[in-house]
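Student: Pasting start-v1.txt here (compact mmCIF, C-alpha atoms):
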# COMPACT_ATOMS: atom_id res chain seq x y z
CA MET A 1 83.53 100.85 77.79
CA ALA A 2 84.11 103.21 80.71
CA ASN A 3 85.89 102.07 83.88
CA PHE A 4 85.09 103.19 87.41
CA ASN A 5 86.93 102.17 90.60
CA LYS A 6 85.50 103.84 93.72
CA VAL A 7 85.00 102.53 97.26
CA ILE A 8 83.39 104.27 100.24
CA LEU A 9 83.71 102.56 103.63
CA ALA A 10 82.64 103.57 107.13
CA GLY A 11 83.79 101.31 109.93
CA ASN A 12 86.17 100.72 112.81
CA LEU A 13 89.91 100.08 112.71
CA THR A 14 90.71 96.47 113.59
CA ARG A 15 94.34 97.20 114.50
CA ASP A 16 96.59 100.16 115.15
CA PRO A 17 97.95 101.76 111.97
CA GLN A 18 101.49 100.76 110.93
CA LEU A 19 103.58 103.53 109.37
CA THR A 20 106.53 102.76 107.10
CA TYR A 21 108.39 104.69 104.44
CA LEU A 22 109.22 103.79 100.86
CA PRO A 23 112.82 104.25 99.65
CA SER A 24 111.59 107.54 98.14
CA ASN A 25 110.65 108.72 101.70
CA THR A 26 106.92 108.51 100.90
CA ALA A 27 104.94 107.53 104.01
CA VAL A 28 102.76 104.39 103.82
CA CYS A 29 100.18 103.67 106.53
CA GLU A 30 98.50 100.24 106.65
CA PHE A 31 95.56 99.27 108.82
CA GLY A 32 92.48 97.08 108.78
CA MET A 33 88.83 98.11 108.92
CA ALA A 34 85.68 96.20 109.84
CA MET A 35 82.21 97.06 108.60
CA ASN A 36 79.17 95.44 110.26
CA ARG A 37 75.87 94.68 108.58
CA LYS A 38 72.73 93.57 110.44
CA TRP A 39 69.59 92.21 108.85
CA LYS A 40 66.54 90.09 109.60
CA SER A 41 66.35 86.66 107.94
CA PRO A 42 63.10 85.41 106.31
CA THR A 43 62.43 83.48 109.53
CA GLY A 44 62.63 86.70 111.57
CA GLU A 45 65.98 85.92 113.13
CA MET A 46 68.44 88.81 113.45
CA LYS A 47 71.69 88.12 111.60
CA GLU A 48 75.00 89.97 111.52
CA ASP A 49 77.83 89.91 109.01
CA VAL A 50 81.27 91.51 109.31
CA CYS A 51 83.48 92.47 106.37
CA PHE A 52 87.22 92.95 107.01
CA VAL A 53 89.25 95.08 104.59
CA ASP A 54 92.96 95.95 104.37
CA VAL A 55 93.51 99.69 103.79
CA LYS A 56 96.59 101.72 102.75
CA ALA A 57 97.22 105.46 102.72
CA PHE A 58 100.19 107.33 101.29
CA GLY A 59 101.99 110.63 101.89
CA LYS A 60 100.64 113.23 104.31
CA GLN A 61 97.39 111.29 104.69
CA ALA A 62 99.38 108.27 105.93
CA GLU A 63 101.15 110.36 108.55
CA THR A 64 97.89 111.98 109.71
CA LEU A 65 96.06 108.67 110.00
CA ASN A 66 98.98 107.13 111.90
CA GLN A 67 99.06 110.07 114.33
CA TYR A 68 95.35 110.27 115.18
CA MET A 69 93.85 106.82 114.60
CA SER A 70 94.05 103.67 116.70
CA LYS A 71 92.31 100.31 116.99
CA GLY A 72 88.55 100.67 117.50
CA LYS A 73 88.23 104.24 116.23
CA GLN A 74 85.70 105.03 113.51
CA LEU A 75 86.75 106.24 110.07
CA LEU A 76 85.13 107.07 106.73
CA VAL A 77 87.33 106.19 103.75
CA ASP A 78 86.85 107.19 100.12
CA GLY A 79 89.26 105.30 97.88
CA ARG A 80 89.87 102.75 95.16
CA LEU A 81 90.42 99.01 94.99
CA ARG A 82 93.90 97.67 94.31
CA TYR A 83 94.67 94.06 93.38
CA GLU A 84 98.11 92.85 94.48
CA GLN A 85 99.89 89.66 93.43
CA TRP A 86 103.18 88.22 94.69
CA GLU A 87 104.96 84.95 95.24
CA GLY A 88 105.26 83.76 98.84
CA LYS A 89 108.43 82.32 100.33
CA ASP A 90 106.92 78.86 99.85
CA GLY A 91 106.74 79.50 96.08
CA GLN A 92 102.93 79.78 96.02
CA LYS A 93 101.29 82.67 94.19
CA ARG A 94 99.37 84.93 96.53
CA SER A 95 96.97 87.80 95.97
CA ARG A 96 94.73 90.17 97.84
CA LEU A 97 92.37 93.05 97.24
CA SER A 98 92.89 96.18 99.33
CA VAL A 99 91.65 99.76 99.39
CA VAL A 100 93.94 102.74 98.68
CA VAL A 101 92.77 105.88 100.51
CA GLU A 102 92.07 108.94 98.39
CA ASN A 103 90.13 110.91 101.04
CA PHE A 104 89.07 110.21 104.61
CA GLN A 105 86.99 111.69 107.43
CA PHE A 106 87.35 111.04 111.15
CA LEU A 107 84.11 109.79 112.74
CA GLY A 108 83.03 109.52 116.38
CA ALA A 109 83.91 111.68 119.36
CA PRO A 110 87.17 113.68 119.20
CA SER A 111 90.15 112.30 121.13
CA GLY A 112 90.04 112.97 124.84
CA GLN A 113 86.24 113.34 124.99
CA GLY A 114 85.43 109.65 125.48
CA GLY A 115 81.95 108.45 124.61
CA GLY A 116 82.40 105.55 122.26
CA PRO A 117 84.93 104.03 119.95
CA GLY A 118 85.87 107.38 118.41
CA GLY A 119 87.10 108.84 121.70
CA SER A 120 90.41 108.15 123.36
CA THR A 121 92.66 109.72 125.93
CA ARG A 122 95.90 108.34 124.53
CA ALA A 123 98.49 110.74 123.19
CA PRO A 124 99.13 110.90 119.44
CA ARG A 125 101.53 108.20 118.31
CA GLN A 126 105.14 109.03 117.49
CA GLN A 127 106.09 108.51 113.87
CA PRO A 128 108.96 106.13 113.09
CA GLN A 129 111.97 107.50 111.25
CA HIS A 130 112.26 104.71 108.69
CA ALA A 131 110.54 101.44 109.49
CA ALA A 132 111.49 98.43 107.41
CA ALA A 133 109.45 95.29 106.87
CA PRO A 134 110.93 92.28 108.67
CA ALA A 135 113.03 90.13 106.36
CA GLY A 136 111.51 86.91 105.08
CA MET A 137 107.90 87.88 105.64
CA ASP A 138 105.34 86.55 103.21
CA GLU A 139 104.32 90.01 102.04
CA PRO A 140 103.51 91.58 98.69
CA PRO A 141 106.25 93.44 96.82
CA PRO A 142 107.06 97.10 97.64
CA TYR A 143 104.74 99.86 96.46
CA ASP A 144 107.00 101.21 93.73
CA ASP A 145 104.15 101.34 91.20
CA VAL A 146 101.62 103.13 93.44
CA GLN A 147 99.86 106.12 91.94
CA PRO A 148 99.45 109.16 94.20
CA PRO A 149 95.96 110.36 95.08
CA ALA A 150 94.47 112.72 92.52
CA GLY A 151 95.63 116.29 92.94
CA GLU A 152 98.54 115.47 95.27
CA ASP A 153 102.20 115.78 94.43
CA ILE A 154 103.96 112.71 95.86
CA PRO A 155 107.57 112.27 94.77
CA PHE A 156 108.49 108.75 93.68
As structure tokens, what does this structure read like?

Tutor:
Amino acid sequence: MANFNKVILAGNLTRDPQLTYLPSNTAVCEFGMAMNRKWKSPTGEMKEDVCFVDVKAFGKQAETLNQYMSKGKQLLVDGRLRYEQWEGKDGQKRSRLSVVVENFQFLGAPSGQGGGPGGSTRAPRQQPQHAAAPAGMDEPPPYDDVQPPAGEDIPF
């Protein structure tokens, strides 16, 4: 049986991207996205649903997203699902499903032109030298087993 793991999302960032580096100096950018869906119920009432997704990008894409994106901006992401499992500091097993970016496209007005969530007048963000996760956080293990996007040479 064939396998296929592909996700395409268009939405708004729910928080500013956070850039860190793996011990191999590979950049990792994490952010959240929200996608809204509106529909009319059988009774004619308008309903709305919001889906929140954790997203990660690696390498040059991570640095680019960190530099130009911020909370509220629109983004189109083409990627794959990744299931992560770890044990929390309380001993409980934890898991989550996230999206790993393979390609992306900026949406909305370019920075500095205003006119909606895609526009902003803020300067591009400075990139940290080597950010480390705070000790003792209830986070998944490091990304040592991450596969680079197809066609990109990321040293591990």

Student: Counting only C-alpha atoms, what are the residues of region 61-118 of chain A within 9 Å of region 26-43 of chain A, and for each of them which pair of atoms is the nearest and at what distance in Å, to one decimal? Sort the table by chain and rising number, as JSON lines.

Tutor:
{"residue": "A:Gln61", "atom": "CA", "partner": "A:Cys29", "partner_atom": "CA", "distance": 8.3}
{"residue": "A:Ala62", "atom": "CA", "partner": "A:Cys29", "partner_atom": "CA", "distance": 4.7}
{"residue": "A:Glu63", "atom": "CA", "partner": "A:Ala27", "partner_atom": "CA", "distance": 6.6}
{"residue": "A:Leu65", "atom": "CA", "partner": "A:Cys29", "partner_atom": "CA", "distance": 7.3}
{"residue": "A:Asn66", "atom": "CA", "partner": "A:Cys29", "partner_atom": "CA", "distance": 6.5}
{"residue": "A:Lys71", "atom": "CA", "partner": "A:Gly32", "partner_atom": "CA", "distance": 8.8}
{"residue": "A:Gly72", "atom": "CA", "partner": "A:Met33", "partner_atom": "CA", "distance": 9.0}
{"residue": "A:Gln74", "atom": "CA", "partner": "A:Met33", "partner_atom": "CA", "distance": 8.9}
{"residue": "A:Leu75", "atom": "CA", "partner": "A:Met33", "partner_atom": "CA", "distance": 8.5}

Student: May I ask for the distance between CA of Arg82 (chain A) and CA of Gln18 (chain A), given in Å to one decimal place?

Tutor: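 Calculated distance between CA of Arg82 (chain A) and CA of Gln18 (chain A) is 18.5 Å.
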
Student: Using Å and a single decimal, report how far CA of Val77 (chain A) sits from CA of Asn5 (chain A).

Tutor: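 CA of Val77 (chain A) lies at a distance of 13.8 Å from CA of Asn5 (chain A).
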
Student: Between CA of Asp78 (chain A) and CA of Met46 (chain A), what is the distance, to one decimal in Å?

Tutor: 29.2 Å

Student: If you take every atom of region 92-111 of chain A that the file lists and fit an axis-aligned box around them with 8 Å extra on each side, what centre and edge lengths come out in Å to one decimal, as JSON?

Tutor:
{"center_x": 93.0, "center_y": 96.7, "center_z": 107.7, "size_x": 35.9, "size_y": 49.9, "size_z": 42.9}

Student: Could you please fill out region 85-102 of chain A with N, CA, C and O atoms and send it back as a PDB file, in the coordinates of the input?

Tutor:
ATOM      1  N   GLN A  85      99.461  91.041  93.609  1.00  0.00           N
ATOM      2  CA  GLN A  85      99.890  89.660  93.430  1.00  0.00           C
ATOM      3  C   GLN A  85     101.373  89.573  93.762  1.00  0.00           C
ATOM      4  O   GLN A  85     102.142  90.483  93.447  1.00  0.00           O
ATOM      5  N   TRP A  86     101.786  88.468  94.392  1.00  0.00           N
ATOM      6  CA  TRP A  86     103.180  88.220  94.690  1.00  0.00           C
ATOM      7  C   TRP A  86     103.382  86.729  94.910  1.00  0.00           C
ATOM      8  O   TRP A  86     102.428  85.975  94.996  1.00  0.00           O
ATOM      9  N   GLU A  87     104.631  86.343  94.999  1.00  0.00           N
ATOM     10  CA  GLU A  87     104.960  84.950  95.240  1.00  0.00           C
ATOM     11  C   GLU A  87     105.476  84.832  96.661  1.00  0.00           C
ATOM     12  O   GLU A  87     106.405  85.537  97.058  1.00  0.00           O
ATOM     13  N   GLY A  88     104.862  83.943  97.445  1.00  0.00           N
ATOM     14  CA  GLY A  88     105.260  83.760  98.840  1.00  0.00           C
ATOM     15  C   GLY A  88     106.578  83.028  98.940  1.00  0.00           C
ATOM     16  O   GLY A  88     107.096  82.470  97.960  1.00  0.00           O
ATOM     17  N   LYS A  89     107.140  82.984 100.145  1.00  0.00           N
ATOM     18  CA  LYS A  89     108.430  82.320 100.330  1.00  0.00           C
ATOM     19  C   LYS A  89     108.332  80.817 100.108  1.00  0.00           C
ATOM     20  O   LYS A  89     109.334  80.164  99.870  1.00  0.00           O
ATOM     21  N   ASP A  90     107.106  80.286 100.141  1.00  0.00           N
ATOM     22  CA  ASP A  90     106.920  78.860  99.850  1.00  0.00           C
ATOM     23  C   ASP A  90     106.736  78.600  98.354  1.00  0.00           C
ATOM     24  O   ASP A  90     106.498  77.473  97.942  1.00  0.00           O
ATOM     25  N   GLY A  91     106.854  79.642  97.522  1.00  0.00           N
ATOM     26  CA  GLY A  91     106.740  79.500  96.080  1.00  0.00           C
ATOM     27  C   GLY A  91     105.316  79.593  95.542  1.00  0.00           C
ATOM     28  O   GLY A  91     105.100  79.594  94.343  1.00  0.00           O
ATOM     29  N   GLN A  92     104.329  79.688  96.422  1.00  0.00           N
ATOM     30  CA  GLN A  92     102.930  79.780  96.020  1.00  0.00           C
ATOM     31  C   GLN A  92     102.586  81.211  95.627  1.00  0.00           C
ATOM     32  O   GLN A  92     103.050  82.168  96.241  1.00  0.00           O
ATOM     33  N   LYS A  93     101.769  81.339  94.581  1.00  0.00           N
ATOM     34  CA  LYS A  93     101.290  82.670  94.190  1.00  0.00           C
ATOM     35  C   LYS A  93     100.224  83.106  95.184  1.00  0.00           C
ATOM     36  O   LYS A  93      99.364  82.336  95.579  1.00  0.00           O
ATOM     37  N   ARG A  94     100.311  84.359  95.582  1.00  0.00           N
ATOM     38  CA  ARG A  94      99.370  84.930  96.530  1.00  0.00           C
ATOM     39  C   ARG A  94      98.785  86.204  95.928  1.00  0.00           C
ATOM     40  O   ARG A  94      99.393  86.836  95.078  1.00  0.00           O
ATOM     41  N   SER A  95      97.608  86.575  96.431  1.00  0.00           N
ATOM     42  CA  SER A  95      96.970  87.800  95.970  1.00  0.00           C
ATOM     43  C   SER A  95      96.028  88.313  97.042  1.00  0.00           C
ATOM     44  O   SER A  95      95.629  87.561  97.931  1.00  0.00           O
ATOM     45  N   ARG A  96      95.711  89.585  96.939  1.00  0.00           N
ATOM     46  CA  ARG A  96      94.730  90.170  97.840  1.00  0.00           C
ATOM     47  C   ARG A  96      94.191  91.450  97.214  1.00  0.00           C
ATOM     48  O   ARG A  96      94.839  92.089  96.397  1.00  0.00           O
ATOM     49  N   LEU A  97      93.018  91.815  97.660  1.00  0.00           N
ATOM     50  CA  LEU A  97      92.370  93.050  97.240  1.00  0.00           C
ATOM     51  C   LEU A  97      92.399  93.981  98.441  1.00  0.00           C
ATOM     52  O   LEU A  97      92.058  93.591  99.561  1.00  0.00           O
ATOM     53  N   SER A  98      92.849  95.211  98.243  1.00  0.00           N
ATOM     54  CA  SER A  98      92.890  96.180  99.330  1.00  0.00           C
ATOM     55  C   SER A  98      92.326  97.504  98.824  1.00  0.00           C
ATOM     56  O   SER A  98      92.046  97.664  97.635  1.00  0.00           O
ATOM     57  N   VAL A  99      92.163  98.439  99.735  1.00  0.00           N
ATOM     58  CA  VAL A  99      91.650  99.760  99.390  1.00  0.00           C
ATOM     59  C   VAL A  99      92.764 100.782  99.588  1.00  0.00           C
ATOM     60  O   VAL A  99      93.437 100.793 100.626  1.00  0.00           O
ATOM     61  N   VAL A 100      92.986 101.634  98.592  1.00  0.00           N
ATOM     62  CA  VAL A 100      93.940 102.740  98.680  1.00  0.00           C
ATOM     63  C   VAL A 100      93.129 104.002  98.978  1.00  0.00           C
ATOM     64  O   VAL A 100      92.208 104.347  98.236  1.00  0.00           O
ATOM     65  N   VAL A 101      93.489 104.684 100.066  1.00  0.00           N
ATOM     66  CA  VAL A 101      92.770 105.880 100.510  1.00  0.00           C
ATOM     67  C   VAL A 101      93.031 107.050  99.566  1.00  0.00           C
ATOM     68  O   VAL A 101      94.175 107.338  99.229  1.00  0.00           O
ATOM     69  N   GLU A 102      91.964 107.694  99.140  1.00  0.00           N
ATOM     70  CA  GLU A 102      92.070 108.940  98.390  1.00  0.00           C
ATOM     71  C   GLU A 102      91.646 110.110  99.257  1.00  0.00           C
ATOM     72  O   GLU A 102      92.224 111.185  99.191  1.00  0.00           O
TER      73      GLU A 102
END
